[in-house]
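Q: Input file: run38.pdb. Contents: PDB, C-alpha atoms.
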ATOM      1  CA  MET A   1       8.892  49.637  23.515
ATOM      2  CA  GLU A   2       7.199  49.860  20.141
ATOM      3  CA  ILE A   3       9.120  46.817  18.885
ATOM      4  CA  LEU A   4       8.030  44.763  21.886
ATOM      5  CA  LEU A   5       4.387  45.749  21.339
ATOM      6  CA  LEU A   6       4.683  44.892  17.627
ATOM      7  CA  MET A   7       6.139  41.448  18.457
ATOM      8  CA  VAL A   8       3.312  40.691  20.942
ATOM      9  CA  VAL A   9       0.687  41.671  18.351
ATOM     10  CA  PHE A  10       2.425  39.541  15.716
ATOM     11  CA  ILE A  11       2.589  36.480  18.008
ATOM     12  CA  GLY A  12      -1.090  36.946  18.966
ATOM     13  CA  LEU A  13      -2.060  37.165  15.294
ATOM     14  CA  MET A  14      -0.117  33.980  14.512
ATOM     15  CA  TYR A  15      -1.897  32.193  17.371
ATOM     16  CA  VAL A  16      -5.328  33.278  16.145
ATOM     17  CA  LEU A  17      -4.638  32.445  12.482
ATOM     18  CA  MET A  18      -2.699  29.184  12.867
ATOM     19  CA  VAL A  19      -3.079  27.513  16.255
ATOM     20  CA  LEU A  20      -6.811  28.009  16.944
ATOM     21  CA  PRO A  21      -8.055  26.559  13.616
ATOM     22  CA  GLN A  22      -5.756  23.543  14.025
ATOM     23  CA  LYS A  23      -7.006  23.043  17.580
ATOM     24  CA  ARG A  24     -10.641  23.169  16.424
ATOM     25  CA  LYS A  25      -9.908  20.672  13.648
ATOM     26  CA  MET A  26      -8.241  18.249  16.099
ATOM     27  CA  ASP A  27     -11.172  18.535  18.517
ATOM     28  CA  ALA A  28     -13.661  17.811  15.715
ATOM     29  CA  GLN A  29     -11.596  14.768  14.592
ATOM     30  CA  ARG A  30     -11.393  13.455  18.176
ATOM     31  CA  LYS A  31     -15.161  13.897  18.600
ATOM     32  CA  MET A  32     -15.851  12.094  15.297
ATOM     33  CA  LEU A  33     -13.573   9.179  16.269
ATOM     34  CA  SER A  34     -15.223   8.762  19.660
ATOM     35  CA  ALA A  35     -18.683   8.688  18.025
ATOM     36  CA  LEU A  36     -17.810   5.903  15.554
ATOM     37  CA  GLU A  37     -19.636   2.640  16.093
ATOM     38  CA  PRO A  38     -19.481  -0.753  14.363
ATOM     39  CA  GLY A  39     -21.346  -0.706  11.052
ATOM     40  CA  ALA A  40     -20.319   2.840  10.107
ATOM     41  CA  ARG A  41     -18.804   3.403   6.659
ATOM     42  CA  VAL A  42     -15.511   5.319   6.808
ATOM     43  CA  MET A  43     -12.726   6.502   4.536
ATOM     44  CA  LEU A  44      -9.163   5.753   5.663
ATOM     45  CA  ASN A  45      -6.198   8.059   5.061
ATOM     46  CA  THR A  46      -5.087   5.687   2.282
ATOM     47  CA  GLY A  47      -8.261   6.493   0.354
ATOM     48  CA  MET A  48      -9.831   3.094   0.976
ATOM     49  CA  PHE A  49     -13.435   2.789   2.083
ATOM     50  CA  GLY A  50     -14.494   0.284   4.693
ATOM     51  CA  THR A  51     -17.024  -0.699   7.325
ATOM     52  CA  ILE A  52     -16.083  -0.677  10.991
ATOM     53  CA  ARG A  53     -16.499  -4.131  12.540
ATOM     54  CA  ALA A  54     -14.943  -3.586  15.998
ATOM     55  CA  SER A  55     -13.457  -0.654  17.872
ATOM     56  CA  GLY A  56     -11.021  -0.450  20.772
ATOM     57  CA  ASN A  57      -9.236   2.347  22.593
ATOM     58  CA  GLN A  58      -6.532   2.887  19.956
ATOM     59  CA  GLN A  59      -7.355   0.493  17.097
ATOM     60  CA  MET A  60     -10.320  -0.660  15.089
ATOM     61  CA  VAL A  61     -11.074  -3.522  12.721
ATOM     62  CA  VAL A  62     -12.251  -2.293   9.321
ATOM     63  CA  GLU A  63     -13.733  -4.567   6.663
ATOM     64  CA  LEU A  64     -12.553  -3.393   3.238
ATOM     65  CA  ALA A  65     -14.405  -6.048   1.230
ATOM     66  CA  PRO A  66     -16.506  -9.041   2.236
ATOM     67  CA  GLY A  67     -14.170 -11.273   4.259
ATOM     68  CA  VAL A  68     -11.200  -8.846   4.091
ATOM     69  CA  GLU A  69     -10.608  -7.220   7.460
ATOM     70  CA  VAL A  70      -7.666  -5.063   8.548
ATOM     71  CA  THR A  71      -6.712  -3.606  11.903
ATOM     72  CA  VAL A  72      -5.893   0.102  11.743
ATOM     73  CA  LEU A  73      -5.170   2.865  14.212
ATOM     74  CA  LYS A  74      -8.138   5.090  14.909
ATOM     75  CA  GLN A  75      -6.176   8.046  13.572
ATOM     76  CA  ALA A  76      -6.201   6.396  10.117
ATOM     77  CA  VAL A  77      -9.916   7.196   9.781
ATOM     78  CA  VAL A  78     -10.260  10.492   7.940
ATOM     79  CA  ARG A  79     -14.026  10.824   7.882
ATOM     80  CA  THR A  80     -17.313   9.004   7.836
ATOM     81  CA  VAL A  81     -18.941   8.389   4.477
ATOM     82  CA  THR A  82     -22.616   8.683   3.614
ATOM     83  CA  ALA A  83     -24.389   6.601   0.971
ATOM     84  CA  GLN A  84     -24.742   9.676  -1.272
ATOM     85  CA  GLU A  85     -20.961  10.189  -1.334
ATOM     86  CA  GLU A  86     -20.100   6.677  -2.499
ATOM     87  CA  GLU A  87     -19.825   6.064  -6.214
ATOM     88  CA  PHE A  88     -20.378   2.307  -5.956
ATOM     89  CA  GLU A  89     -23.154   0.717  -3.954
ATOM     90  CA  TYR A  90     -21.917  -1.589  -1.214
ATOM     91  CA  THR A  91     -23.942  -3.912   0.940
ATOM     92  CA  ASP A  92     -22.839  -6.631   3.311
ATOM     93  CA  GLY A  93     -24.902  -9.188   1.399
ATOM     94  CA  ASP A  94     -23.009  -8.865  -1.920
ATOM     95  CA  LYS A  95     -21.781 -12.194  -3.264
ATOM     96  CA  ALA A  96     -18.134 -12.228  -4.265
ATOM     97  CA  ALA A  97     -17.258 -13.634  -7.692
ATOM     98  CA  GLU A  98     -16.133 -17.245  -7.538
ATOM     99  CA  PRO A  99     -13.109 -18.401  -9.560
ATOM    100  CA  GLY A 100     -15.140 -21.237 -11.087
ATOM    101  CA  ASP A 101     -17.645 -18.789 -12.578
ATOM    102  CA  SER A 102     -15.507 -17.942 -15.592
ATOM    103  CA  PHE A 103     -13.936 -21.377 -16.309
ATOM    104  CA  SER A 104     -15.330 -24.812 -16.833
ATOM    105  CA  ALA A 105     -13.820 -27.937 -15.297
ATOM    106  CA  ASP A 106     -12.462 -29.003 -18.712
ATOM    107  CA  GLU A 107     -10.481 -25.772 -19.028
ATOM    108  CA  PHE A 108      -8.909 -26.308 -15.589
ATOM    109  CA  ALA A 109      -7.914 -29.871 -16.564
ATOM    110  CA  ALA A 110      -6.300 -28.552 -19.742
ATOM    111  CA  LEU A 111      -4.298 -26.025 -17.723
ATOM    112  CA  ASP A 112      -2.886 -28.797 -15.538
ATOM    113  CA  ALA A 113      -1.838 -30.961 -18.494
ATOM    114  CA  PRO A 114       1.949 -30.864 -19.100
ATOM    115  CA  GLY A 115       3.202 -29.486 -22.391
ATOM    116  CA  THR A 116       0.116 -27.471 -23.326
ATOM    117  CA  ASP A 117      -0.503 -23.773 -23.500
ATOM    118  CA  THR A 118      -4.265 -23.342 -23.738
ATOM    119  CA  GLN A 119      -4.226 -19.579 -24.188
ATOM    120  CA  ALA A 120      -2.236 -19.566 -27.405
ATOM    121  CA  GLY A 121      -3.170 -23.082 -28.525
ATOM    122  CA  HIS A 122       0.495 -24.105 -28.916
ATOM    123  CA  GLN A 123       2.159 -27.316 -27.851
ATOM    124  CA  GLN A 124       5.285 -26.892 -25.750
ATOM    125  CA  PRO A 125       7.728 -29.715 -25.196
ATOM    126  CA  ALA A 126       7.381 -31.223 -21.761
ATOM    127  CA  GLU A 127      10.470 -31.412 -19.545
ATOM    128  CA  PRO A 128      11.898 -34.926 -19.632
ATOM    129  CA  PRO A 129      11.401 -36.849 -16.399
ATOM    130  CA  LEU A 130      14.356 -37.761 -14.213
ATOM    131  CA  THR A 131      15.514 -41.261 -15.078
ATOM    132  CA  GLN A 132      18.566 -43.434 -14.594
ATOM    133  CA  ASP A 133      19.937 -42.072 -17.900
ATOM    134  CA  ARG A 134      20.172 -38.573 -16.399
ATOM    135  CA  PRO A 135      22.431 -38.643 -13.317
ATOM    136  CA  ILE A 136      21.520 -36.406 -10.407
ATOM    137  CA  SER A 137      24.412 -34.249  -9.235
ATOM    138  CA  ASP A 138      24.909 -32.092  -6.152
ATOM    139  CA  ALA A 139      27.119 -29.713  -8.134
ATOM    140  CA  PRO A 140      25.514 -26.367  -9.020
ATOM    141  CA  PRO A 141      24.316 -26.135 -12.612
ATOM    142  CA  ALA A 142      26.585 -24.477 -15.116
ATOM    143  CA  GLY A 143      25.301 -21.012 -15.774
ATOM    144  CA  PRO A 144      26.195 -17.369 -15.678
ATOM    145  CA  SER A 145      28.485 -16.288 -12.894
ATOM    146  CA  PHE A 146      27.673 -13.048 -11.138
ATOM    147  CA  ALA A 147      31.171 -12.556  -9.746
ATOM    148  CA  PRO A 148      33.043  -9.767 -11.592
ATOM    149  CA  ALA A 149      35.890 -10.805 -13.812
ATOM    150  CA  ALA A 150      39.355  -9.474 -12.977
ATOM    151  CA  ASP A 151      39.360  -7.075 -15.921
ATOM    152  CA  ASP A 152      35.849  -5.732 -15.078
ATOM    153  CA  VAL A 153      36.914  -4.047 -11.837
ATOM    154  CA  VAL A 154      36.222  -0.313 -11.905
ATOM    155  CA  SER A 155      39.156   1.797 -10.834
ATOM    156  CA  PRO A 156      38.970   5.386  -9.603
ATOM    157  CA  VAL A 157      39.241   7.960 -12.348
ATOM    158  CA  ASP A 158      40.784  11.394 -11.898
ATOM    159  CA  ASP A 159      38.298  14.152 -12.594
ATOM    160  CA  GLU A 160      39.219  17.446 -14.188
ATOM    161  CA  ASP A 161      39.366  19.224 -10.847
ATOM    162  CA  ASP A 162      41.824  16.638  -9.374
ATOM    163  CA  ARG A 163      39.237  14.990  -7.109
ATOM    164  CA  ARG A 164      39.162  11.210  -7.107
ATOM    165  CA  GLN A 165      35.751   9.744  -7.764
ATOM    166  CA  ASN A 166      34.489   6.266  -8.462
ATOM    167  CA  ARG A 167      32.569   5.810 -11.636
TER
END
What does the file become when written as structure tokens?
A:
Amino acid sequence: MEILLLMVVFIGLMYVLMVLPQKRKMDAQRKMLSALEPGARVMLNTGMFGTIRASGNQQMVVELAPGVEVTVLKQAVVRTVTAQEEEFEYTDGDKAAEPGDSFSADEFAALDAPGTDTQAGHQQPAEPPLTQDRPISDAPPAGPSFAPAADDVVSPVDDEDDRRQNR
């Protein structure tokens, strides 16, 4: 009888210490997810921050950066983020850096020129064009073969304890 009473007390203690806090946490998460609206800043379970653009029953569209939107499950949202918590300031009106900002048109033309390496300033020989002097063949080019040679085949080796193992 005493053992049965001890087991009931132990199971009740486990319920109070483990199940109830988990249940409260799940209820708080469910309430937070149902209160999310477009425009809210959130942190995903991957550690990425984003702004909610659209929300459905099970999924939502989150904008990670201007013009970069992903569709995630609602359960991927860990928490909402306030402006005080963010290290970097983010606004929807930020202008993204353009590729042309750091290069001039002359530098792009030099990159397209054959036989030049503009970073190191070295000239590299250009590949000769295909002409009538160089026949075109359907045969594969001569090169390394990845098939094992007959003498490269690994055979099983007896171990000290008489078990056969491949090495």
Q: Translate the PyMOL selection byres ((chain A and resi 62-75) around 9), as applied to the file shown, into an explicit residue set as a list in words.
A: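 That selection, the PyMOL selection byres ((chain A and resi 62-75) around 9), comes back as Gln29, Arg30, Leu33, Pro38, Val42, Leu44, Asn45, Met48, Phe49, Gly50, Thr51, Ile52, Arg53, Ala54, Ser55, Gly56, Asn57, Gln58, Gln59, Met60, Val61, Ala76, Val77, Val78, Asp92, Gly93, Asp94, Lys95 and Ala96 of chain A.
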Q: Between atom CA of A:Lys23 and atom CA of A:Thr80, what is the spacing in Å?
A: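 Distance between the two atoms: 20.0 Å.
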Q: Quick one: 3 Å padding each side, axis-aligned, all listed atoms of stretch 58-76 of chain A - centre and edge lengths in Å to one decimal, as AutoDock Vina command-line options?
A:
--center_x -10.8 --center_y -1.6 --center_z 10.6 --size_x 17.3 --size_y 25.3 --size_z 24.7
Q: Please indicate the distance in Å from atom CA of A:Asp27 to atom CA of A:Leu13, rounded to one decimal place.
A: 21.0 Å
